[in-house]
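Undergrad: work.txt is the file, holding compact mmCIF, C-alpha atoms and all ligand atoms:
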```
# COMPACT_ATOMS: atom_id res chain seq x y z
CA MET D 1 76.31 95.71 100.60
CA LEU D 2 74.32 95.55 97.41
CA PHE D 3 75.71 94.11 94.20
CA SER D 4 74.90 97.44 92.56
CA GLU D 5 77.36 99.21 94.89
CA ILE D 6 80.28 97.14 93.58
CA ALA D 7 82.26 98.32 90.55
CA GLY D 8 82.00 95.98 87.55
CA GLN D 9 82.35 92.20 88.06
CA THR D 10 79.13 91.56 86.15
CA THR D 11 79.97 87.94 85.31
CA ILE D 12 80.74 87.09 88.94
CA LYS D 13 77.57 88.76 90.17
CA GLU D 14 75.51 86.82 87.63
CA HIS D 15 77.18 83.59 88.67
CA LEU D 16 76.41 84.20 92.35
CA LEU D 17 72.79 85.10 91.66
CA ARG D 18 72.44 81.94 89.58
CA THR D 19 73.61 79.73 92.46
CA VAL D 20 70.71 81.05 94.54
CA ARG D 21 68.18 80.84 91.72
CA GLU D 22 69.17 77.26 90.96
CA ASP D 23 69.36 76.35 94.66
CA ARG D 24 72.96 75.19 94.56
CA VAL D 25 74.66 77.45 97.05
CA GLY D 26 77.90 75.73 97.96
CA HIS D 27 78.58 75.46 101.68
CA ALA D 28 82.24 76.34 101.27
CA GLN D 29 83.23 78.84 98.62
CA LEU D 30 86.58 80.45 98.01
CA PHE D 31 86.57 83.92 96.47
CA SER D 32 90.05 84.27 95.11
CA GLY D 33 91.04 87.70 93.83
CA GLY D 34 93.77 90.30 94.07
CA GLU D 35 93.72 93.28 96.41
CA GLY D 36 91.16 95.86 95.33
CA SER D 37 89.26 93.46 93.05
CA GLY D 38 86.17 93.77 95.25
CA ALA D 39 86.22 90.09 96.32
CA LEU D 40 85.30 90.95 99.92
CA LEU D 41 82.47 93.23 98.80
CA LEU D 42 81.11 90.50 96.55
CA ALA D 43 81.08 88.14 99.55
CA LEU D 44 79.24 90.76 101.61
CA ALA D 45 76.66 91.35 98.87
CA TYR D 46 76.20 87.59 98.42
CA ALA D 47 75.68 87.11 102.17
CA GLN D 48 73.09 89.89 102.17
CA TYR D 49 71.33 88.45 99.12
CA LEU D 50 71.22 84.98 100.66
CA ASN D 51 69.36 86.31 103.68
CA CYS D 52 67.23 89.00 102.04
CA THR D 53 63.50 88.35 102.58
CA GLN D 54 62.43 90.16 99.39
CA PRO D 55 65.24 89.48 96.93
CA GLY D 56 64.96 90.78 93.38
CA ASP D 57 66.36 89.03 90.33
CA HIS D 58 69.57 91.05 90.34
CA ASP D 59 70.05 92.31 93.86
CA ALA D 60 68.86 92.19 97.44
CA CYS D 61 65.97 94.54 98.23
CA GLY D 62 68.06 96.76 100.50
CA ARG D 63 65.02 97.58 102.65
CA CYS D 64 63.96 94.47 104.57
CA PRO D 65 65.13 94.18 108.22
CA SER D 66 67.67 91.55 107.19
CA CYS D 67 69.15 93.82 104.50
CA LEU D 68 69.30 96.80 106.85
CA LYS D 69 71.30 94.78 109.38
CA ALA D 70 73.51 93.20 106.74
CA ALA D 71 74.29 96.63 105.27
CA LYS D 72 75.54 97.81 108.67
CA LEU D 73 77.47 94.57 109.23
CA VAL D 74 75.40 93.79 112.32
CA HIS D 75 73.32 90.88 110.99
CA PRO D 76 73.30 88.18 113.73
CA ASP D 77 73.74 85.38 111.17
CA ILE D 78 76.56 86.96 109.17
CA HIS D 79 79.86 86.48 110.95
CA PHE D 80 83.32 87.77 110.19
CA VAL D 81 86.78 86.41 110.72
CA PHE D 82 89.78 88.53 109.73
CA PRO D 83 93.41 88.96 110.71
CA VAL D 84 94.08 90.93 113.88
CA VAL D 85 97.29 92.23 115.39
CA LYS D 86 98.30 90.67 118.69
CA THR D 87 99.88 92.92 121.28
CA SER D 88 99.50 90.83 124.42
CA GLY D 89 97.24 87.97 125.39
CA LYS D 90 94.37 86.49 123.48
CA ILE D 91 92.75 88.40 120.65
CA VAL D 92 90.04 87.40 118.17
CA SER D 93 88.22 89.15 115.34
CA ASP D 94 85.30 90.21 117.55
CA ASP D 95 87.69 92.34 119.61
CA ARG D 96 88.19 94.50 116.51
CA ILE D 97 84.70 94.29 115.07
CA LYS D 98 84.04 98.01 115.64
CA GLU D 99 87.13 98.98 113.63
CA TRP D 100 86.22 96.37 111.01
CA ARG D 101 82.77 97.87 110.47
CA GLU D 102 84.26 101.35 110.23
CA MET D 103 86.85 100.20 107.70
CA VAL D 104 84.43 98.35 105.43
CA LEU D 105 81.64 100.92 105.60
CA ARG D 106 83.84 103.95 105.15
CA HIS D 107 86.32 102.68 102.57
CA LYS D 108 84.67 99.68 100.94
CA TYR D 109 87.86 99.00 98.98
CA PHE D 110 90.98 98.57 101.09
CA GLY D 111 94.04 96.36 101.29
CA ALA D 112 95.55 94.29 104.09
CA GLY D 113 98.12 97.06 104.65
CA ASP D 114 95.38 99.65 105.20
CA TRP D 115 93.68 97.35 107.67
CA PHE D 116 96.85 96.62 109.66
CA ALA D 117 97.57 100.36 109.80
CA LYS D 118 94.12 100.94 111.26
CA ILE D 119 94.36 98.35 114.02
CA GLY D 120 98.07 98.64 114.75
CA ASP D 121 101.08 100.73 113.86
CA GLY D 122 101.05 99.36 110.32
CA ARG D 123 104.41 97.68 110.74
CA LYS D 124 103.11 94.44 112.19
CA ALA D 125 101.03 92.26 109.91
CA GLY D 126 97.94 90.66 111.37
CA MET D 127 97.15 86.98 111.73
CA ILE D 128 94.12 84.81 112.29
CA TYR D 129 95.24 83.12 115.50
CA ALA D 130 94.30 79.67 116.75
CA ASP D 131 92.07 81.31 119.40
CA GLU D 132 89.69 82.11 116.56
CA SER D 133 88.71 78.47 115.94
CA PRO D 134 86.67 77.96 119.15
CA GLU D 135 84.93 81.25 118.32
CA ILE D 136 83.98 79.96 114.88
CA LEU D 137 82.63 76.75 116.41
CA ARG D 138 80.68 78.66 119.04
CA LYS D 139 79.05 80.89 116.45
CA LEU D 140 78.19 77.94 114.22
CA SER D 141 76.58 76.06 117.08
CA MET D 142 74.18 78.93 117.73
CA LYS D 143 70.71 78.61 116.27
CA ASN D 144 70.06 80.80 113.24
CA PHE D 145 68.52 83.97 114.55
CA GLU D 146 66.54 85.14 111.60
CA GLY D 147 68.47 84.39 108.47
CA ARG D 148 67.94 81.56 106.06
CA TYR D 149 71.66 80.99 105.99
CA LYS D 150 74.35 81.38 108.57
CA VAL D 151 77.27 82.93 106.73
CA MET D 152 80.85 82.91 107.92
CA ILE D 153 83.02 85.31 105.92
CA ILE D 154 86.73 84.67 106.42
CA TRP D 155 88.88 87.45 104.99
CA LEU D 156 92.46 86.46 104.15
CA PRO D 157 92.36 82.79 105.29
CA GLU D 158 96.00 82.60 104.13
CA ARG D 159 96.82 84.47 107.35
CA MET D 160 95.51 81.64 109.49
CA ASN D 161 98.13 79.64 111.35
CA LEU D 162 98.40 75.91 110.76
CA THR D 163 96.55 74.84 113.92
CA GLY D 164 93.69 77.16 113.07
CA ALA D 165 93.66 76.04 109.45
CA ASN D 166 93.44 72.39 110.47
CA LYS D 167 90.56 73.11 112.79
CA LEU D 168 88.80 75.01 110.02
CA LEU D 169 89.34 72.04 107.77
CA LYS D 170 87.50 69.78 110.24
CA ILE D 171 84.55 72.15 110.19
CA LEU D 172 84.55 72.31 106.39
CA GLU D 173 84.52 68.52 106.29
CA GLU D 174 81.37 68.29 108.36
CA PRO D 175 79.54 71.51 107.75
CA PRO D 176 76.56 72.36 109.93
CA GLU D 177 73.28 72.69 108.08
CA ALA D 178 72.37 75.93 106.27
CA THR D 179 75.85 77.29 106.81
CA VAL D 180 77.88 78.97 104.11
CA PHE D 181 81.58 79.63 104.41
CA LEU D 182 82.91 82.38 102.19
CA LEU D 183 86.71 82.44 102.20
CA VAL D 184 88.04 85.62 100.61
CA SER D 185 91.67 85.12 99.68
CA GLU D 186 94.33 87.20 97.97
CA ALA D 187 96.77 84.30 97.91
CA ALA D 188 94.73 81.15 97.39
CA GLN D 189 97.77 79.25 96.14
CA THR D 190 99.23 79.37 99.67
CA LEU D 191 96.21 77.75 101.35
CA LEU D 192 96.39 74.15 102.51
CA PRO D 193 95.64 71.86 99.56
CA THR D 194 93.09 70.09 101.75
CA ILE D 195 91.22 73.35 102.26
CA LEU D 196 91.41 74.12 98.55
CA SER D 197 89.95 70.73 97.70
CA ARG D 198 86.99 71.29 100.00
CA THR D 199 85.98 74.64 98.61
CA GLN D 200 84.44 75.73 95.32
CA GLN D 201 86.89 78.17 93.91
CA LEU D 202 85.64 81.32 92.24
CA ARG D 203 88.29 83.44 90.56
CA ILE D 204 87.57 87.15 90.84
CA PRO D 205 89.39 89.01 88.06
CA GLY D 206 90.68 92.59 88.28
CA ILE D 207 88.17 95.36 87.62
CA ASP D 208 87.83 96.36 83.98
CA ALA D 209 89.76 99.61 83.34
CA GLY D 210 86.74 101.36 81.81
CA VAL D 211 84.54 100.45 84.77
CA LEU D 212 87.27 101.57 87.17
CA THR D 213 87.64 104.92 85.39
CA ALA D 214 83.91 105.64 85.66
CA ALA D 215 83.86 104.55 89.32
CA LEU D 216 86.79 106.84 90.18
CA VAL D 217 85.15 109.86 88.53
CA LYS D 218 81.94 109.11 90.42
CA GLN D 219 83.61 108.59 93.79
CA THR D 220 86.26 111.32 93.78
CA GLY D 221 84.93 113.86 91.30
CA CYS D 222 88.28 113.89 89.51
CA ASP D 223 88.50 114.57 85.79
CA GLU D 224 88.16 111.66 83.42
CA GLY D 225 91.69 111.92 82.05
CA SER D 226 93.31 111.52 85.48
CA ALA D 227 90.93 108.69 86.31
CA ARG D 228 91.83 106.88 83.09
CA VAL D 229 95.55 107.11 83.79
CA ALA D 230 95.10 105.96 87.40
CA ALA D 231 92.87 103.07 86.30
CA ARG D 232 95.37 101.95 83.69
CA LEU D 233 98.26 101.96 86.18
CA ALA D 234 96.17 100.16 88.81
CA ARG D 235 95.78 96.93 86.83
CA GLY D 236 92.28 96.17 88.01
CA SER D 237 92.75 97.13 91.67
CA TYR D 238 90.42 99.77 93.07
CA VAL D 239 92.80 100.22 96.00
CA GLN D 240 95.77 100.87 93.71
CA ALA D 241 93.72 103.20 91.51
CA LEU D 242 92.92 105.42 94.49
CA LYS D 243 96.59 105.45 95.47
CA GLN D 244 97.62 106.37 91.92
CA LEU D 245 95.12 109.19 91.88
CA GLU D 246 96.39 110.51 95.20
CA ALA D 247 100.00 110.33 94.02
CA ALA D 248 99.09 112.25 90.86
CA ASN D 249 97.37 114.92 92.95
CA ASN D 250 100.44 115.17 95.19
CA ALA D 251 102.67 115.51 92.15
CA SER D 252 100.69 118.46 90.88
CA VAL D 253 100.72 120.10 94.35
CA PHE D 254 104.48 119.49 94.51
CA PHE D 255 105.01 120.93 91.05
CA GLU D 256 103.11 124.14 91.89
CA ALA D 257 105.11 124.49 95.11
CA PHE D 258 108.44 123.85 93.37
CA ALA D 259 107.69 126.33 90.59
CA LEU D 260 106.75 129.02 93.11
CA LEU D 261 109.88 128.41 95.17
CA MET D 262 112.09 128.80 92.11
CA ARG D 263 110.28 131.85 90.73
CA SER D 264 110.12 133.69 94.05
CA THR D 265 113.76 133.08 94.99
CA TYR D 266 115.02 133.91 91.50
CA SER D 267 113.08 137.18 91.40
CA ARG D 268 113.91 137.94 95.06
CA LYS D 269 110.31 138.76 95.82
CA ILE D 270 110.01 138.44 99.57
CA PHE D 271 106.20 138.43 99.59
CA ASP D 272 106.15 135.61 97.06
CA ILE D 273 108.64 133.71 99.20
CA MET D 274 106.41 134.22 102.23
CA SER D 275 103.33 133.02 100.38
CA TRP D 276 105.31 129.95 99.27
CA VAL D 277 106.09 129.28 102.95
CA GLU D 278 102.43 129.73 103.92
CA GLN D 279 101.26 127.36 101.18
CA THR D 280 103.86 124.69 101.83
CA ALA D 281 104.20 124.63 105.63
CA PRO D 282 100.80 122.97 106.27
CA LEU D 283 101.99 119.78 104.52
CA SER D 284 102.58 116.91 106.92
CA ARG D 285 106.15 116.05 107.84
CA ASP D 286 106.16 113.05 105.50
CA GLU D 287 104.67 115.12 102.70
CA LEU D 288 107.31 117.81 103.22
CA LYS D 289 110.07 115.24 102.97
CA ALA D 290 108.49 113.85 99.79
CA PHE D 291 108.25 117.39 98.42
CA ILE D 292 111.93 118.06 99.13
CA ASP D 293 112.88 114.85 97.32
CA TYR D 294 110.68 115.93 94.44
CA ALA D 295 112.23 119.42 94.33
CA THR D 296 115.74 117.94 94.37
CA GLY D 297 114.81 115.70 91.44
CA MET D 298 113.37 118.62 89.50
CA LEU D 299 116.55 120.65 90.07
CA ARG D 300 118.56 117.78 88.65
CA GLU D 301 116.25 117.56 85.63
CA SER D 302 116.56 121.29 85.04
CA TYR D 303 120.33 121.13 85.16
CA LEU D 304 120.54 118.11 82.87
CA TYR D 305 118.22 119.79 80.39
CA ASN D 306 121.08 122.14 79.56
CA PHE D 307 122.83 119.16 78.03
CA LYS D 308 119.68 118.07 76.24
CA GLN D 309 119.50 114.78 78.03
CA PRO D 310 116.65 112.81 76.50
CA GLU D 311 115.30 111.32 79.77
CA LEU D 312 112.55 113.85 80.28
CA VAL D 313 109.85 111.51 79.04
CA TYR D 314 108.50 110.86 82.52
CA LEU D 315 107.91 114.53 83.28
CA THR D 316 104.38 115.82 82.84
CA PRO D 317 103.91 118.42 80.08
CA ALA D 318 103.68 121.21 82.71
CA GLU D 319 106.90 120.04 84.37
CA GLU D 320 108.73 119.76 81.09
CA ASP D 321 107.62 123.22 80.07
CA PHE D 322 108.91 124.65 83.34
CA VAL D 323 112.20 122.77 83.13
CA ARG D 324 112.74 123.97 79.57
CA ARG D 325 112.24 127.62 80.49
CA PHE D 326 114.03 127.48 83.82
CA SER D 327 117.06 125.36 82.92
CA PRO D 328 119.29 128.30 81.84
CA PHE D 329 119.32 129.50 85.45
CA ILE D 330 120.36 126.18 86.93
CA THR D 331 124.08 125.74 86.36
CA GLU D 332 127.03 123.79 87.66
CA LYS D 333 127.67 126.79 89.91
CA ASN D 334 124.45 126.52 91.88
CA VAL D 335 122.82 123.12 91.34
CA GLU D 336 124.88 121.33 94.03
CA ARG D 337 124.45 124.13 96.54
CA MET D 338 120.70 124.29 96.02
CA ALA D 339 120.41 120.53 96.41
CA ALA D 340 122.49 120.74 99.59
CA ALA D 341 120.22 123.47 101.00
CA LEU D 342 117.20 121.25 100.29
CA GLN D 343 118.83 118.24 101.92
CA GLU D 344 119.61 120.34 104.98
CA ALA D 345 115.94 121.32 105.12
CA TYR D 346 115.03 117.62 104.85
CA ALA D 347 117.20 116.82 107.86
CA HIS D 348 115.69 119.66 109.90
CA ILE D 349 112.15 118.58 109.04
CA GLU D 350 113.04 115.05 110.07
CA GLN D 351 114.34 116.37 113.41
CA ASN D 352 110.96 118.03 114.01
CA GLY D 353 112.11 121.53 113.09
CA ASN D 354 109.39 124.15 112.74
CA ALA D 355 108.27 123.84 109.10
CA ARG D 356 107.71 127.58 108.58
CA ILE D 357 111.14 128.52 109.86
CA VAL D 358 112.91 125.72 107.99
CA LEU D 359 111.21 126.56 104.69
CA PHE D 360 111.77 130.30 104.99
CA ASP D 361 115.38 129.75 105.92
CA THR D 362 115.89 127.47 102.92
CA ALA D 363 114.35 129.92 100.46
CA ILE D 364 116.49 132.77 101.80
CA LYS D 365 119.58 130.59 101.36
CA ILE D 366 118.64 129.84 97.75
CA VAL D 367 118.13 133.52 96.75
CA PRO D 368 121.84 134.50 96.39
CA MET D 369 122.66 131.21 94.64
CA PHE D 370 120.97 132.46 91.49
CA ALA D 371 123.34 135.42 91.33
CA ALA D 372 126.42 133.24 91.36
ZN ZN B 401 66.25 92.56 101.67
```
Could you render the structure from this file as structure tokens?
TA:
Amino acid sequence: MLFSEIAGQTTIKEHLLRTVREDRVGHAQLFSGGEGSGALLLALAYAQYLNCTQPGDHDACGRCPSCLKAAKLVHPDIHFVFPVVKTSGKIVSDDRIKEWREMVLRHKYFGAGDWFAKIGDGRKAGMIYADESPEILRKLSMKNFEGRYKVMIIWLPERMNLTGANKLLKILEEPPEATVFLLVSEAAQTLLPTILSRTQQLRIPGIDAGVLTAALVKQTGCDEGSARVAARLARGSYVQALKQLEAANNASVFFEAFALLMRSTYSRKIFDIMSWVEQTAPLSRDELKAFIDYATGMLRESYLYNFKQPELVYLTPAEEDFVRRFSPFITEKNVERMAAALQEAYAHIEQNGNARIVLFDTAIKIVPMFAA
């Protein structure tokens, strides 16, 4: 990881570079920052810089053998400890190193939840188990292969159990030579006070909204307006910004699908109904359920609009426009029945019903409700 690949965080990058320039690289540093702040990436870039054989003033060279290995997370002197999910027996970080490399290299920014979903069913949170401590000691006792520094990056040390944390403390008290511990924490306040007192704490702030907006446009190719909204809602978290952007995209897909369902059933155009089914059926089961909830909500909004309820502020302009024009056709005579038809569809989707059949069936049920 190069510093230049990380969104924003200019002050932190400058600070880290300065520690190397002034030859005061602390042997135990705590990078404390919220999810999606880029704290882990900063630790990776720092580790690469520390071992780069041709470092520039602002970044590692990215080309020397050390950089090439560090970039692929296979540098023999850069070690990783992270929470893993125990199913049975002993498990340590190295058992999941392949998944770890995939996760970091493919996503760069990710949260603990994303990681636990990758290595487990997502319901069980991972831990750094006590079995990890002998592994850390073993790796530290090895001679440095090629790097100037041996770096031990510990992601989410707050997920270490007490035995493990106490063992880590012992190591931090008597650090081996030319070893740098980088603890990357999202909840530093929950770490043992004794660990806190033995590390130099570096607070990583959220990513500046302007920087985040530009990074989102660059990464996803979305328009700047959507990126700005997502960045603002994300409060400095790259991970949250991506989720906001995805949710916004879903909402616009849902809106198009809802509008087509209403128009095609109202006008009784069977080919339009069929193309609605074709467009909507490929959604995943979870997406279909979310769509049905969305459609039910939009029906309610349309009905309430007849009474000029002022709560429409959270609709997008396109949604509000549709609701305004469509509300005369949603009345007390059909709103409940339409909602019931949608809820029935929800239940059938949940019971693994064939999406095409369920959707077609639902649309056909809705058609006569407009006449009522
Ligand atoms: Zn290099």
Undergrad: Could the residues that lie within 8 Å of ligand ZN 401 (chain B), counting all atoms listed in the file, be listed as a PyMOL selection string?
TA: chain D and resi 48-49+51-55+60-68
Undergrad: Segment 368-370 of chain D: which residues within 12 Å, counting only C-alpha atoms, same-chain residues fewer than 3 positions away excluded, as a compact mmCIF listing (two decimals) with C-alpha atoms, in the frame of the given file?
TA:
```txt
# COMPACT_ATOMS: atom_id res chain seq x y z
CA MET D 262 112.09 128.80 92.11
CA ARG D 263 110.28 131.85 90.73
CA SER D 264 110.12 133.69 94.05
CA THR D 265 113.76 133.08 94.99
CA TYR D 266 115.02 133.91 91.50
CA SER D 267 113.08 137.18 91.40
CA ARG D 268 113.91 137.94 95.06
CA PHE D 326 114.03 127.48 83.82
CA SER D 327 117.06 125.36 82.92
CA PRO D 328 119.29 128.30 81.84
CA PHE D 329 119.32 129.50 85.45
CA ILE D 330 120.36 126.18 86.93
CA THR D 331 124.08 125.74 86.36
CA GLU D 332 127.03 123.79 87.66
CA LYS D 333 127.67 126.79 89.91
CA ASN D 334 124.45 126.52 91.88
CA VAL D 335 122.82 123.12 91.34
CA GLU D 336 124.88 121.33 94.03
CA ARG D 337 124.45 124.13 96.54
CA MET D 338 120.70 124.29 96.02
CA ALA D 339 120.41 120.53 96.41
CA ALA D 340 122.49 120.74 99.59
CA ALA D 341 120.22 123.47 101.00
CA THR D 362 115.89 127.47 102.92
CA ALA D 363 114.35 129.92 100.46
CA ILE D 364 116.49 132.77 101.80
CA LYS D 365 119.58 130.59 101.36
```
Undergrad: If I take atom CA of Arg324 of chain D and atom CA of Glu301 of chain D, how far is one from the other in Å, to one decimal?
TA: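 If I compute the distance from atom CA of Arg324 of chain D to atom CA of Glu301 of chain D, I get 9.5 Å.
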Undergrad: From the list D:Ala71, D:Leu342, D:Ala112, D:Phe3, which residue is nearest His58 of chain D when using all atoms listed in the file?
TA: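 Once distances to His58 of chain D are computed over all atoms listed in the file, the minimum belongs to D:Phe3.
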Undergrad: Just checking: using all atoms listed in the file, which residue out of D:Ala188, D:Ile270, D:Leu245, D:Ala45 ends up closest to Gly221 of chain D?
TA: D:Leu245
Undergrad: So which one's closest to Ser226 of chain D, D:Thr280, D:Ser252, D:Thr179, D:Gln201? Using all atoms listed in the file, please.
TA: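 Among the listed residues, the smallest separation from Ser226 of chain D belongs to D:Ser252.
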Undergrad: Given the choices D:Gln29, D:Asn306, D:Ser237, D:Ser88, which gets closest to Thr213 of chain D if the distance is worked out from all atoms listed in the file?
TA: D:Ser237
Undergrad: Give me the residues within 10 Å of Phe322 of chain D as a list in words, counting all atoms listed in the file and dropping any in the same chain fewer than 6 places off.
TA: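 Listing them by chain and then by number gives Phe255, Ala259, Met298, Ser302 and Thr316 of chain D.
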Undergrad: Taking all atoms listed in the file into account, name the residue in D:Lys90, D:Glu102, D:Ile97, D:Lys118 that is nearest to Ala130 of chain D.
TA: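 Between D:Lys90, D:Glu102, D:Ile97, D:Lys118, the residue approaching Ala130 of chain D most closely is D:Lys90.
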Undergrad: Looking at only C-alpha atoms, which of D:Met274, D:Ile357, D:Met1, D:Glu177 is the one that sits closest to Arg148 of chain D?
TA: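 Of the candidates, the smallest distance to Arg148 of chain D is held by D:Glu177.
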Undergrad: Give me the residues within 12 Å of Leu359 of chain D as number ranges by chain, counting only C-alpha atoms and dropping any in the same chain fewer than 2 places off.
TA: D: 257-258, 261, 265, 273-283, 288-289, 291-292, 341-349, 353-357, 361-366
Undergrad: Interatomic distance between atom CA of Gly8 of chain D and atom CA of Ile207 of chain D?
TA: 6.2 Å
Undergrad: So how far away is atom CA of Lys150 of chain D from atom CA of Phe116 of chain D, in Å?
TA: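 Atom-to-atom, atom CA of Phe116 of chain D to atom CA of Lys150 of chain D, that is 27.2 Å.
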Undergrad: Taking all atoms listed in the file into account, produce a table as CSV in which each residue of segment 156-186 of chain D with an atom at most 10 Å from an atom of segment 72-83 of chain D appears once, together with its shortest atom pair and the distance in Å to one decimal, ordered by chain and rising number.
TA:
```
residue,atom,partner,partner_atom,distance
D:Leu156,CA,D:Phe82,CA,6.5
D:Pro157,CA,D:Phe82,CA,7.7
D:Glu158,CA,D:Pro83,CA,9.5
D:Arg159,CA,D:Pro83,CA,6.6
D:Met160,CA,D:Pro83,CA,7.7
D:Thr179,CA,D:Asp77,CA,9.4
D:Val180,CA,D:Ile78,CA,9.5
D:Phe181,CA,D:His79,CA,9.6
D:Leu182,CA,D:Phe80,CA,9.7
D:Leu183,CA,D:Val81,CA,9.4
D:Val184,CA,D:Phe82,CA,9.7
```
Undergrad: I'd like a table as CSV: residues in segment 213-297 of chain D with an atom no more than 12 Å from segment 31-37 of chain D, each row giving the shortest atom pair and its distance in Å to one decimal, all atoms listed in the file counted, sorted by chain and rising residue number.
TA:
```
residue,atom,partner,partner_atom,distance
D:Ala231,CA,D:Gly36,CA,11.7
D:Ala234,CA,D:Gly36,CA,9.3
D:Arg235,CA,D:Ser37,CA,9.7
D:Gly236,CA,D:Ser37,CA,6.5
D:Ser237,CA,D:Gly36,CA,4.2
D:Tyr238,CA,D:Gly36,CA,4.6
D:Val239,CA,D:Gly36,CA,4.7
D:Gln240,CA,D:Gly36,CA,7.0
D:Ala241,CA,D:Gly36,CA,8.7
D:Leu242,CA,D:Gly36,CA,9.8
D:Lys243,CA,D:Gly36,CA,11.0
```
Undergrad: Mind rebuilding segment 199-210 of chain D with N, CA and C atoms and writing that out as a PDB file, keeping the file's coordinate frame?
TA:
```
ATOM      1  N   THR D 199      86.734  73.436  98.923  1.00  0.00           N
ATOM      2  CA  THR D 199      85.980  74.640  98.610  1.00  0.00           C
ATOM      3  C   THR D 199      85.748  74.748  97.103  1.00  0.00           C
ATOM      4  N   GLN D 200      84.656  75.412  96.731  1.00  0.00           N
ATOM      5  CA  GLN D 200      84.440  75.730  95.320  1.00  0.00           C
ATOM      6  C   GLN D 200      85.166  77.035  95.066  1.00  0.00           C
ATOM      7  N   GLN D 201      86.100  76.975  94.122  1.00  0.00           N
ATOM      8  CA  GLN D 201      86.890  78.170  93.910  1.00  0.00           C
ATOM      9  C   GLN D 201      86.262  79.064  92.841  1.00  0.00           C
ATOM     10  N   LEU D 202      86.175  80.340  93.181  1.00  0.00           N
ATOM     11  CA  LEU D 202      85.640  81.320  92.240  1.00  0.00           C
ATOM     12  C   LEU D 202      86.708  82.381  92.042  1.00  0.00           C
ATOM     13  N   ARG D 203      87.238  82.451  90.820  1.00  0.00           N
ATOM     14  CA  ARG D 203      88.290  83.440  90.560  1.00  0.00           C
ATOM     15  C   ARG D 203      87.697  84.800  90.253  1.00  0.00           C
ATOM     16  N   ILE D 204      88.066  85.792  91.057  1.00  0.00           N
ATOM     17  CA  ILE D 204      87.570  87.150  90.840  1.00  0.00           C
ATOM     18  C   ILE D 204      88.647  87.916  90.072  1.00  0.00           C
ATOM     19  N   PRO D 205      88.363  88.308  88.840  1.00  0.00           N
ATOM     20  CA  PRO D 205      89.390  89.010  88.060  1.00  0.00           C
ATOM     21  C   PRO D 205      89.550  90.457  88.536  1.00  0.00           C
ATOM     22  N   GLY D 206      90.546  91.157  88.016  1.00  0.00           N
ATOM     23  CA  GLY D 206      90.680  92.590  88.280  1.00  0.00           C
ATOM     24  C   GLY D 206      89.497  93.338  87.683  1.00  0.00           C
ATOM     25  N   ILE D 207      89.291  94.561  88.138  1.00  0.00           N
ATOM     26  CA  ILE D 207      88.170  95.360  87.620  1.00  0.00           C
ATOM     27  C   ILE D 207      88.548  95.922  86.255  1.00  0.00           C
ATOM     28  N   ASP D 208      87.635  95.824  85.324  1.00  0.00           N
ATOM     29  CA  ASP D 208      87.830  96.360  83.980  1.00  0.00           C
ATOM     30  C   ASP D 208      88.221  97.841  84.052  1.00  0.00           C
ATOM     31  N   ALA D 209      89.225  98.235  83.258  1.00  0.00           N
ATOM     32  CA  ALA D 209      89.760  99.610  83.340  1.00  0.00           C
ATOM     33  C   ALA D 209      88.697 100.672  83.067  1.00  0.00           C
ATOM     34  N   GLY D 210      87.809 100.407  82.117  1.00  0.00           N
ATOM     35  CA  GLY D 210      86.740 101.360  81.810  1.00  0.00           C
ATOM     36  C   GLY D 210      85.791 101.542  82.983  1.00  0.00           C
TER      37      GLY D 210
END
```
